[in-house]
>>> print(open('start.cif').read())   # mmCIF, C-alpha atoms
data_model
loop_
_atom_site.group_PDB
_atom_site.id
_atom_site.type_symbol
_atom_site.label_atom_id
_atom_site.label_comp_id
_atom_site.auth_asym_id
_atom_site.auth_seq_id
_atom_site.Cartn_x
_atom_site.Cartn_y
_atom_site.Cartn_z
ATOM 1 C CA MET Q 593 11.423 20.967 -20.306
ATOM 2 C CA ALA Q 594 8.994 22.194 -17.691
ATOM 3 C CA GLU Q 595 11.362 22.481 -14.731
ATOM 4 C CA ASN Q 596 14.624 21.109 -13.383
ATOM 5 C CA TYR Q 597 15.099 19.711 -9.883
ATOM 6 C CA ASP Q 598 17.981 18.305 -7.913
ATOM 7 C CA LEU Q 599 15.767 15.418 -6.847
ATOM 8 C CA ILE Q 600 12.463 14.048 -8.062
ATOM 9 C CA VAL Q 601 10.708 11.634 -5.716
ATOM 10 C CA ILE Q 602 8.021 9.515 -7.357
ATOM 11 C CA GLY Q 603 5.326 8.700 -4.833
ATOM 12 C CA GLU Q 604 3.842 10.563 -1.890
ATOM 13 C CA GLY Q 605 3.569 7.684 0.558
ATOM 14 C CA VAL Q 606 5.469 7.690 3.837
ATOM 15 C CA SER Q 607 8.770 6.725 2.169
ATOM 16 C CA GLY Q 608 8.560 9.356 -0.541
ATOM 17 C CA LEU Q 609 7.377 12.159 1.713
ATOM 18 C CA THR Q 610 10.065 11.386 4.295
ATOM 19 C CA CYS Q 611 12.813 11.286 1.682
ATOM 20 C CA ALA Q 612 11.668 14.586 0.179
ATOM 21 C CA SER Q 613 11.529 16.148 3.629
ATOM 22 C CA HIS Q 614 15.146 15.315 4.450
ATOM 23 C CA ALA Q 615 16.347 16.281 0.973
ATOM 24 C CA VAL Q 616 14.729 19.728 0.948
ATOM 25 C CA ARG Q 617 16.072 20.443 4.403
ATOM 26 C CA ALA Q 618 19.539 19.584 3.081
ATOM 27 C CA GLY Q 619 19.175 22.422 0.592
ATOM 28 C CA LEU Q 620 18.094 20.455 -2.479
ATOM 29 C CA LYS Q 621 15.399 21.549 -4.907
ATOM 30 C CA VAL Q 622 12.837 18.755 -4.634
ATOM 31 C CA ALA Q 623 9.602 17.750 -6.341
ATOM 32 C CA THR Q 624 7.302 14.864 -5.498
ATOM 33 C CA PHE Q 625 4.910 13.194 -7.938
ATOM 34 C CA GLU Q 626 1.715 11.339 -7.068
ATOM 35 C CA ALA Q 627 -0.747 9.617 -9.380
ATOM 36 C CA ASN Q 628 -3.431 9.093 -6.759
ATOM 37 C CA LEU Q 629 -4.082 10.343 -3.236
ATOM 38 C CA PHE Q 630 -1.042 11.153 -1.124
ATOM 39 C CA GLY Q 631 -0.308 8.737 1.711
ATOM 40 C CA GLY Q 632 -0.344 5.441 -0.159
ATOM 41 C CA LEU Q 633 -1.108 2.194 1.653
ATOM 42 C CA VAL Q 634 -0.681 3.761 5.089
ATOM 43 C CA LEU Q 635 -4.090 5.407 4.623
ATOM 44 C CA ASN Q 636 -5.604 1.949 5.158
ATOM 45 C CA VAL Q 637 -3.996 1.658 8.593
ATOM 46 C CA ASN Q 638 -6.484 2.548 11.289
ATOM 47 C CA GLU Q 639 -4.092 2.233 14.236
ATOM 48 C CA LEU Q 640 -0.349 2.820 13.900
ATOM 49 C CA ASP Q 641 1.833 0.596 16.076
ATOM 50 C CA GLY Q 642 4.792 2.238 17.747
ATOM 51 C CA TYR Q 643 4.824 5.380 15.625
ATOM 52 C CA PRO Q 644 5.016 8.522 17.773
ATOM 53 C CA GLY Q 645 2.917 11.576 16.996
ATOM 54 C CA ALA Q 646 0.291 9.970 14.759
ATOM 55 C CA ALA Q 647 -2.770 7.961 15.756
ATOM 56 C CA SER Q 648 -3.598 6.718 12.247
ATOM 57 C CA GLY Q 649 -2.080 6.423 8.804
ATOM 58 C CA THR Q 650 -4.102 9.414 7.650
ATOM 59 C CA ASP Q 651 -2.727 11.532 10.497
ATOM 60 C CA LEU Q 652 0.840 10.573 9.627
ATOM 61 C CA ALA Q 653 0.528 11.212 5.888
ATOM 62 C CA SER Q 654 -1.279 14.524 6.358
ATOM 63 C CA GLY Q 655 1.370 15.766 8.762
ATOM 64 C CA LEU Q 656 4.202 14.835 6.405
ATOM 65 C CA MET Q 657 2.460 16.436 3.433
ATOM 66 C CA GLN Q 658 1.862 19.697 5.264
ATOM 67 C CA ALA Q 659 5.418 19.849 6.587
ATOM 68 C CA ASN Q 660 6.841 19.296 3.103
ATOM 69 C CA ALA Q 661 4.702 22.059 1.620
ATOM 70 C CA GLU Q 662 5.920 24.454 4.289
ATOM 71 C CA ALA Q 663 9.550 23.414 3.680
ATOM 72 C CA GLY Q 664 9.327 24.108 -0.052
ATOM 73 C CA VAL Q 665 8.799 20.709 -1.674
ATOM 74 C CA THR Q 666 6.890 21.030 -4.958
ATOM 75 C CA SER Q 667 4.012 18.537 -5.093
ATOM 76 C CA ILE Q 668 2.925 17.601 -8.624
ATOM 77 C CA GLN Q 669 -0.275 15.594 -8.943
ATOM 78 C CA GLU Q 670 0.495 13.789 -12.173
ATOM 79 C CA PRO Q 671 1.135 10.097 -12.908
ATOM 80 C CA VAL Q 672 4.693 9.412 -14.008
ATOM 81 C CA THR Q 673 4.811 7.438 -17.252
ATOM 82 C CA GLY Q 674 8.542 7.161 -17.857
ATOM 83 C CA ILE Q 675 12.101 7.853 -16.752
ATOM 84 C CA CYS Q 676 15.046 8.122 -19.116
ATOM 85 C CA ALA Q 677 18.655 9.297 -18.986
ATOM 86 C CA ALA Q 678 19.287 12.861 -20.145
ATOM 87 C CA GLY Q 679 22.821 14.255 -20.066
ATOM 88 C CA GLU Q 680 24.169 13.797 -16.546
ATOM 89 C CA GLY Q 681 20.692 13.372 -15.110
ATOM 90 C CA PHE Q 682 17.227 12.157 -16.015
ATOM 91 C CA GLU Q 683 14.018 13.185 -17.697
ATOM 92 C CA VAL Q 684 10.835 12.240 -15.887
ATOM 93 C CA THR Q 685 7.738 12.173 -18.070
ATOM 94 C CA ALA Q 686 4.355 12.895 -16.537
ATOM 95 C CA GLY Q 687 1.857 15.498 -17.762
ATOM 96 C CA GLY Q 688 4.986 17.274 -18.996
ATOM 97 C CA THR Q 689 8.704 16.555 -18.967
ATOM 98 C CA TYR Q 690 10.772 17.360 -15.884
ATOM 99 C CA GLY Q 691 14.507 17.256 -15.316
ATOM 100 C CA ALA Q 692 16.211 15.715 -12.294
ATOM 101 C CA ARG Q 693 19.798 15.146 -11.284
ATOM 102 C CA GLN Q 694 18.698 12.140 -9.205
ATOM 103 C CA VAL Q 695 15.443 10.153 -8.989
ATOM 104 C CA VAL Q 696 13.972 8.254 -6.046
ATOM 105 C CA ILE Q 697 11.229 5.758 -6.867
ATOM 106 C CA ALA Q 698 8.924 5.499 -3.864
ATOM 107 C CA SER Q 699 5.749 4.652 -5.733
ATOM 108 C CA GLY Q 700 4.804 1.897 -3.336
ATOM 109 C CA ALA Q 701 2.542 -1.035 -3.984
ATOM 110 C CA ARG Q 702 -1.148 -1.723 -4.328
ATOM 111 C CA LEU Q 703 -3.339 -4.411 -2.902
ATOM 112 C CA LYS Q 704 -3.476 -7.498 -5.088
ATOM 113 C CA LYS Q 705 -6.780 -8.477 -6.570
ATOM 114 C CA LEU Q 706 -8.304 -11.874 -5.972
ATOM 115 C CA GLY Q 707 -8.782 -12.291 -9.705
ATOM 116 C CA VAL Q 708 -12.128 -14.043 -9.352
ATOM 117 C CA PRO Q 709 -15.423 -13.556 -11.214
ATOM 118 C CA GLY Q 710 -17.465 -10.709 -9.774
ATOM 119 C CA GLU Q 711 -14.567 -8.852 -8.157
ATOM 120 C CA LYS Q 712 -14.272 -6.170 -10.833
ATOM 121 C CA GLU Q 713 -18.006 -6.043 -11.539
ATOM 122 C CA PHE Q 714 -18.885 -5.326 -7.902
ATOM 123 C CA GLU Q 715 -16.109 -2.831 -7.178
ATOM 124 C CA GLY Q 716 -17.776 -0.079 -5.159
ATOM 125 C CA ARG Q 717 -20.934 -2.174 -4.870
ATOM 126 C CA GLY Q 718 -19.818 -4.408 -2.036
ATOM 127 C CA VAL Q 719 -16.202 -5.057 -3.017
ATOM 128 C CA SER Q 720 -13.901 -2.706 -1.114
ATOM 129 C CA SER Q 721 -10.290 -2.371 0.038
ATOM 130 C CA CYS Q 722 -10.813 0.142 2.835
ATOM 131 C CA ALA Q 723 -12.739 -0.804 5.957
ATOM 132 C CA ASP Q 724 -12.104 2.589 7.528
ATOM 133 C CA CYS Q 725 -13.778 4.230 4.537
ATOM 134 C CA ASP Q 726 -16.657 1.845 3.935
ATOM 135 C CA ALA Q 727 -17.431 -0.035 7.161
ATOM 136 C CA PRO Q 728 -20.406 2.210 8.089
ATOM 137 C CA MET Q 729 -22.081 1.165 4.815
ATOM 138 C CA PHE Q 730 -22.283 -2.409 6.146
ATOM 139 C CA GLN Q 731 -24.125 -1.694 9.381
ATOM 140 C CA ASN Q 732 -25.594 -4.987 10.702
ATOM 141 C CA GLU Q 733 -24.538 -6.852 7.530
ATOM 142 C CA GLU Q 734 -22.483 -9.991 7.004
ATOM 143 C CA VAL Q 735 -19.091 -9.407 5.361
ATOM 144 C CA VAL Q 736 -16.064 -11.430 4.263
ATOM 145 C CA VAL Q 737 -12.421 -10.470 4.785
ATOM 146 C CA VAL Q 738 -9.900 -12.413 2.684
ATOM 147 C CA GLY Q 739 -6.358 -12.846 4.004
ATOM 148 C CA GLY Q 740 -4.403 -13.782 7.092
ATOM 149 C CA GLY Q 741 -1.886 -11.003 7.686
ATOM 150 C CA ASP Q 742 -1.852 -7.825 9.740
ATOM 151 C CA SER Q 743 -3.940 -5.855 7.267
ATOM 152 C CA ALA Q 744 -6.675 -8.473 7.023
ATOM 153 C CA LEU Q 745 -7.034 -8.779 10.784
ATOM 154 C CA GLN Q 746 -6.880 -5.026 11.360
ATOM 155 C CA GLU Q 747 -9.663 -4.500 8.852
ATOM 156 C CA ALA Q 748 -11.737 -7.284 10.388
ATOM 157 C CA LEU Q 749 -11.455 -5.555 13.761
ATOM 158 C CA VAL Q 750 -12.661 -2.289 12.215
ATOM 159 C CA LEU Q 751 -15.566 -3.970 10.439
ATOM 160 C CA VAL Q 752 -16.771 -5.829 13.516
ATOM 161 C CA LYS Q 753 -17.679 -2.497 15.103
ATOM 162 C CA PHE Q 754 -20.393 -2.083 12.464
ATOM 163 C CA CYS Q 755 -21.219 -5.497 11.011
ATOM 164 C CA ARG Q 756 -23.361 -8.299 12.344
ATOM 165 C CA THR Q 757 -20.709 -10.897 11.470
ATOM 166 C CA VAL Q 758 -17.248 -10.856 9.924
ATOM 167 C CA ARG Q 759 -15.986 -14.058 8.311
ATOM 168 C CA ILE Q 760 -12.250 -14.258 7.615
ATOM 169 C CA VAL Q 761 -11.362 -16.489 4.666
ATOM 170 C CA HIS Q 762 -7.743 -17.613 4.700
ATOM 171 C CA ARG Q 763 -6.044 -20.095 2.394
ATOM 172 C CA GLY Q 764 -3.622 -21.121 5.142
ATOM 173 C CA SER Q 765 -4.042 -23.013 8.397
ATOM 174 C CA ARG Q 766 -2.811 -20.188 10.651
ATOM 175 C CA PHE Q 767 -2.662 -16.407 10.614
ATOM 176 C CA ARG Q 768 0.532 -14.610 9.563
ATOM 177 C CA ALA Q 769 -0.409 -11.536 11.600
ATOM 178 C CA GLN Q 770 1.227 -10.253 14.770
ATOM 179 C CA LYS Q 771 0.108 -11.933 17.972
ATOM 180 C CA HIS Q 772 -1.758 -8.959 19.407
ATOM 181 C CA TYR Q 773 -3.996 -8.899 16.319
ATOM 182 C CA THR Q 774 -4.633 -12.640 16.393
ATOM 183 C CA ASP Q 775 -5.410 -12.486 20.114
ATOM 184 C CA ARG Q 776 -8.007 -9.771 19.566
ATOM 185 C CA VAL Q 777 -9.603 -11.596 16.634
ATOM 186 C CA ASN Q 778 -9.735 -14.896 18.488
ATOM 187 C CA VAL Q 779 -11.781 -13.463 21.357
ATOM 188 C CA GLU Q 780 -14.167 -11.461 19.168
ATOM 189 C CA PRO Q 781 -17.465 -13.391 19.106
ATOM 190 C CA LYS Q 782 -18.650 -11.812 15.842
ATOM 191 C CA ILE Q 783 -15.536 -12.926 13.899
ATOM 192 C CA SER Q 784 -15.166 -16.463 12.548
ATOM 193 C CA THR Q 785 -12.484 -17.952 10.298
ATOM 194 C CA ASN Q 786 -12.625 -20.351 7.358
ATOM 195 C CA TRP Q 787 -9.191 -22.007 7.232
ATOM 196 C CA ASN Q 788 -7.608 -23.577 4.119
ATOM 197 C CA THR Q 789 -10.284 -21.894 2.042
ATOM 198 C CA THR Q 790 -10.245 -19.737 -1.108
ATOM 199 C CA VAL Q 791 -12.762 -17.431 -2.742
ATOM 200 C CA GLU Q 792 -13.996 -18.769 -6.074
ATOM 201 C CA ALA Q 793 -16.483 -16.055 -7.063
ATOM 202 C CA ILE Q 794 -18.365 -13.017 -5.808
ATOM 203 C CA LEU Q 795 -22.073 -13.162 -6.646
ATOM 204 C CA GLY Q 796 -25.034 -10.822 -6.664
ATOM 205 C CA ALA Q 797 -27.409 -8.746 -8.744
ATOM 206 C CA LYS Q 798 -26.928 -4.984 -8.285
ATOM 207 C CA MET Q 799 -24.858 -5.459 -5.115
ATOM 208 C CA VAL Q 800 -22.793 -8.263 -3.588
ATOM 209 C CA GLU Q 801 -25.080 -10.911 -2.122
ATOM 210 C CA LYS Q 802 -22.992 -14.085 -1.843
ATOM 211 C CA VAL Q 803 -19.462 -15.414 -1.946
ATOM 212 C CA ARG Q 804 -18.560 -18.831 -3.337
ATOM 213 C CA LEU Q 805 -15.854 -20.551 -1.277
ATOM 214 C CA LYS Q 806 -13.773 -23.643 -2.003
ATOM 215 C CA ARG Q 807 -12.192 -26.021 0.479
ATOM 216 C CA ASP Q 808 -10.915 -29.554 -0.068
ATOM 217 C CA GLY Q 809 -12.304 -29.541 -3.583
ATOM 218 C CA LYS Q 810 -15.824 -28.691 -2.428
ATOM 219 C CA THR Q 811 -17.634 -25.396 -2.962
ATOM 220 C CA VAL Q 812 -20.183 -23.643 -0.812
ATOM 221 C CA GLU Q 813 -21.971 -20.301 -1.112
ATOM 222 C CA ILE Q 814 -22.354 -18.030 1.889
ATOM 223 C CA ALA Q 815 -24.330 -14.822 2.304
ATOM 224 C CA ALA Q 816 -22.269 -11.631 2.314
ATOM 225 C CA ALA Q 817 -22.957 -7.977 1.574
ATOM 226 C CA GLY Q 818 -19.285 -7.025 1.373
ATOM 227 C CA VAL Q 819 -15.892 -8.472 0.443
ATOM 228 C CA PHE Q 820 -12.584 -6.974 1.625
ATOM 229 C CA ALA Q 821 -9.431 -8.597 0.186
ATOM 230 C CA TYR Q 822 -5.951 -8.279 1.734
ATOM 231 C CA VAL Q 823 -3.947 -11.012 0.047
ATOM 232 C CA GLY Q 824 -0.651 -9.301 -0.630
ATOM 233 C CA LEU Q 825 0.815 -6.523 -2.714
ATOM 234 C CA GLU Q 826 2.063 -5.838 -6.225
ATOM 235 C CA PRO Q 827 4.408 -2.954 -7.113
ATOM 236 C CA ASN Q 828 3.457 0.319 -8.750
ATOM 237 C CA ALA Q 829 6.451 0.275 -11.068
ATOM 238 C CA ALA Q 830 5.244 -0.019 -14.651
ATOM 239 C CA PHE Q 831 6.837 3.340 -15.516
ATOM 240 C CA ALA Q 832 10.330 2.322 -14.343
ATOM 241 C CA PRO Q 833 12.985 1.745 -17.053
ATOM 242 C CA SER Q 834 13.222 -1.808 -18.363
ATOM 243 C CA GLY Q 835 16.882 -2.151 -17.344
ATOM 244 C CA ILE Q 836 16.379 -1.160 -13.741
ATOM 245 C CA GLY Q 837 16.205 -4.692 -12.336
ATOM 246 C CA ARG Q 838 13.166 -6.457 -10.905
ATOM 247 C CA ASP Q 839 12.506 -9.585 -8.919
ATOM 248 C CA GLU Q 840 10.138 -12.366 -9.976
ATOM 249 C CA ARG Q 841 7.133 -10.425 -8.645
ATOM 250 C CA GLY Q 842 8.085 -7.154 -10.332
ATOM 251 C CA PHE Q 843 9.476 -5.322 -7.303
ATOM 252 C CA LEU Q 844 12.540 -3.164 -7.964
ATOM 253 C CA VAL Q 845 15.916 -4.605 -7.001
ATOM 254 C CA ALA Q 846 18.357 -2.292 -5.234
ATOM 255 C CA ASN Q 847 21.651 -2.656 -3.373
ATOM 256 C CA ASP Q 848 22.145 -2.180 0.355
ATOM 257 C CA ALA Q 849 22.179 1.587 -0.165
ATOM 258 C CA CYS Q 850 18.829 1.344 -2.052
ATOM 259 C CA GLU Q 851 20.402 2.370 -5.376
ATOM 260 C CA THR Q 852 19.228 0.427 -8.431
ATOM 261 C CA LYS Q 853 21.284 -0.864 -11.363
ATOM 262 C CA ILE Q 854 20.818 2.537 -12.991
ATOM 263 C CA ALA Q 855 23.178 4.857 -11.122
ATOM 264 C CA GLY Q 856 21.347 7.869 -9.757
ATOM 265 C CA THR Q 857 18.002 6.108 -9.412
ATOM 266 C CA TRP Q 858 16.977 4.764 -6.027
ATOM 267 C CA ALA Q 859 14.127 2.539 -4.827
ATOM 268 C CA ILE Q 860 12.682 2.798 -1.331
ATOM 269 C CA GLY Q 861 9.638 1.560 0.540
ATOM 270 C CA ALA Q 862 7.088 -0.938 -0.666
ATOM 271 C CA VAL Q 863 8.162 -0.785 -4.332
ATOM 272 C CA ARG Q 864 11.586 -2.208 -3.402
ATOM 273 C CA ALA Q 865 12.263 -5.942 -3.310
ATOM 274 C CA GLY Q 866 13.069 -6.973 0.232
ATOM 275 C CA TYR Q 867 11.259 -4.129 1.977
ATOM 276 C CA SER Q 868 10.270 -5.226 5.485
ATOM 277 C CA GLY Q 869 6.857 -3.570 5.491
ATOM 278 C CA LEU Q 870 7.643 -1.718 8.721
ATOM 279 C CA LEU Q 871 7.118 2.043 8.880
ATOM 280 C CA ARG Q 872 10.246 2.559 10.948
ATOM 281 C CA ASP Q 873 12.289 0.894 8.197
ATOM 282 C CA ALA Q 874 10.573 2.968 5.521
ATOM 283 C CA THR Q 875 11.440 6.236 7.223
ATOM 284 C CA ALA Q 876 14.988 5.124 8.074
ATOM 285 C CA GLU Q 877 15.870 4.137 4.523
ATOM 286 C CA ALA Q 878 14.202 7.267 3.155
ATOM 287 C CA GLN Q 879 16.465 9.391 5.340
ATOM 288 C CA ARG Q 880 19.559 7.403 4.345
ATOM 289 C CA VAL Q 881 18.792 7.824 0.643
ATOM 290 C CA ALA Q 882 18.158 11.548 1.018
ATOM 291 C CA GLU Q 883 21.553 11.879 2.681
ATOM 292 C CA ALA Q 884 23.209 9.763 -0.026
ATOM 293 C CA VAL Q 885 21.675 11.929 -2.752
ATOM 294 C CA ARG Q 886 22.855 15.077 -0.994
ATOM 295 C CA ASP Q 887 26.388 13.692 -0.777
ATOM 296 C CA ARG Q 888 26.282 12.608 -4.431
ATOM 297 C CA LEU Q 889 25.282 16.078 -5.559
ATOM 298 C CA ASP Q 890 27.705 18.043 -3.375
#
>>> encode(input="start.cif", output="structure tokens")
Amino acid sequence: MAENYDLIVIGEGVSGLTCASHAVRAGLKVATFEANLFGGLVLNVNELDGYPGAASGTDLASGLMQANAEAGVTSIQEPVTGICAAGEGFEVTAGGTYGARQVVIASGARLKKLGVPGEKEFEGRGVSSCADCDAPMFQNEEVVVVGGGDSALQEALVLVKFCRTVRIVHRGSRFRAQKHYTDRVNVEPKISTNWNTTVEAILGAKMVEKVRLKRDGKTVEIAAAGVFAYVGLEPNAAFAPSGIGRDERGFLVANDACETKIAGTWAIGAVRAGYSGLLRDATAEAQRVAEAVRDRLD
């Protein structure tokens, strides 16, 4: 076994980093694991609402990561592939095998794909999930944003700073986003919305050139150089044990204390069924779980 820890936190998003921070400051030996870039979905947030000390998701994640490194959290950049019981604790399998007395799963969620022809083929060639990253590539172009929630409208407002037009495609008849986002979108002359409409296909040669839309059984093709989809989330939880408990969408089920059916394993943040999606809730439950783990191990 490579190394033993009091607590292993799987995921370096806001929930995982916050939980690790409180746990290491409580005197526990803590490691965090991350398969991709630290920060998780918050990196896509251009403007944080009501979160003191950080202007953007990148600012928040970077600050947490640096603070954890200084406090002594071990950051391991390896994808976790399994968790199993071992003695009175657990073995976490990644590039090697690591021991933990308790495990917190904070692996978050990823943006759902549209699942339409052309989406995979044009990934990185017009299909994107990060307006902050890619908006400058679409200077004076026409783009499509798919979705009707906070993320979709936030990204549309970023894109409109660069693009000639931004067309929001939403399958519903009204936005699900917070009012201050809808108010800003509604007065932006370069943003238009196709209601009760779905994307059928993404078309082009070397790059995205068109998007095929469907409404009321009829299809139409519109010009577009880019497609940004924000139509919900799916959990990053394939590595979790089969007996841990999941809802119908695959999110991990936990009790009010965020402990799963497997005693000693906890689920927090976007990977957990019932998570509100609010950063303040993510940080609050991360702190509560860190305190619960400390008490369990005392």
>>> atom_distance(input="start.cif", atom1="atom CA of Ala797 of chain Q", atom2="atom CA of Gly707 of chain Q")
19.0 Å
>>> closest_residue(input="start.cif", among="Q:Val719, Q:Ala698, Q:Val708, Q:Ala817", to="Arg759 of chain Q", atoms="only C-alpha atoms")
Q:Ala817
>>> residues_near_point(input="start.cif", point="(12.2, 14.4, -14.7)", cutoff="8 Å", atoms="only C-alpha atoms", output="ChimeraX atom specification")
/Q:596-597,600,675,682-685,689-692,695
>>> resolve_selection(input="start.cif", expression="the PyMOL selection byres ((chain Q and resi 868-885) around 6)", output="list in words")
Ser607, Thr610, Cys611, His614, Ala615, Gly861, Tyr867, Arg886, Asp887 and Arg888 of chain Q
>>> resolve_selection(input="start.cif", expression="the PyMOL selection byres ((chain Q and resi 858) around 9)", output="PyMOL selection string")
chain Q and resi 694-698+846+849-857+859-860+881
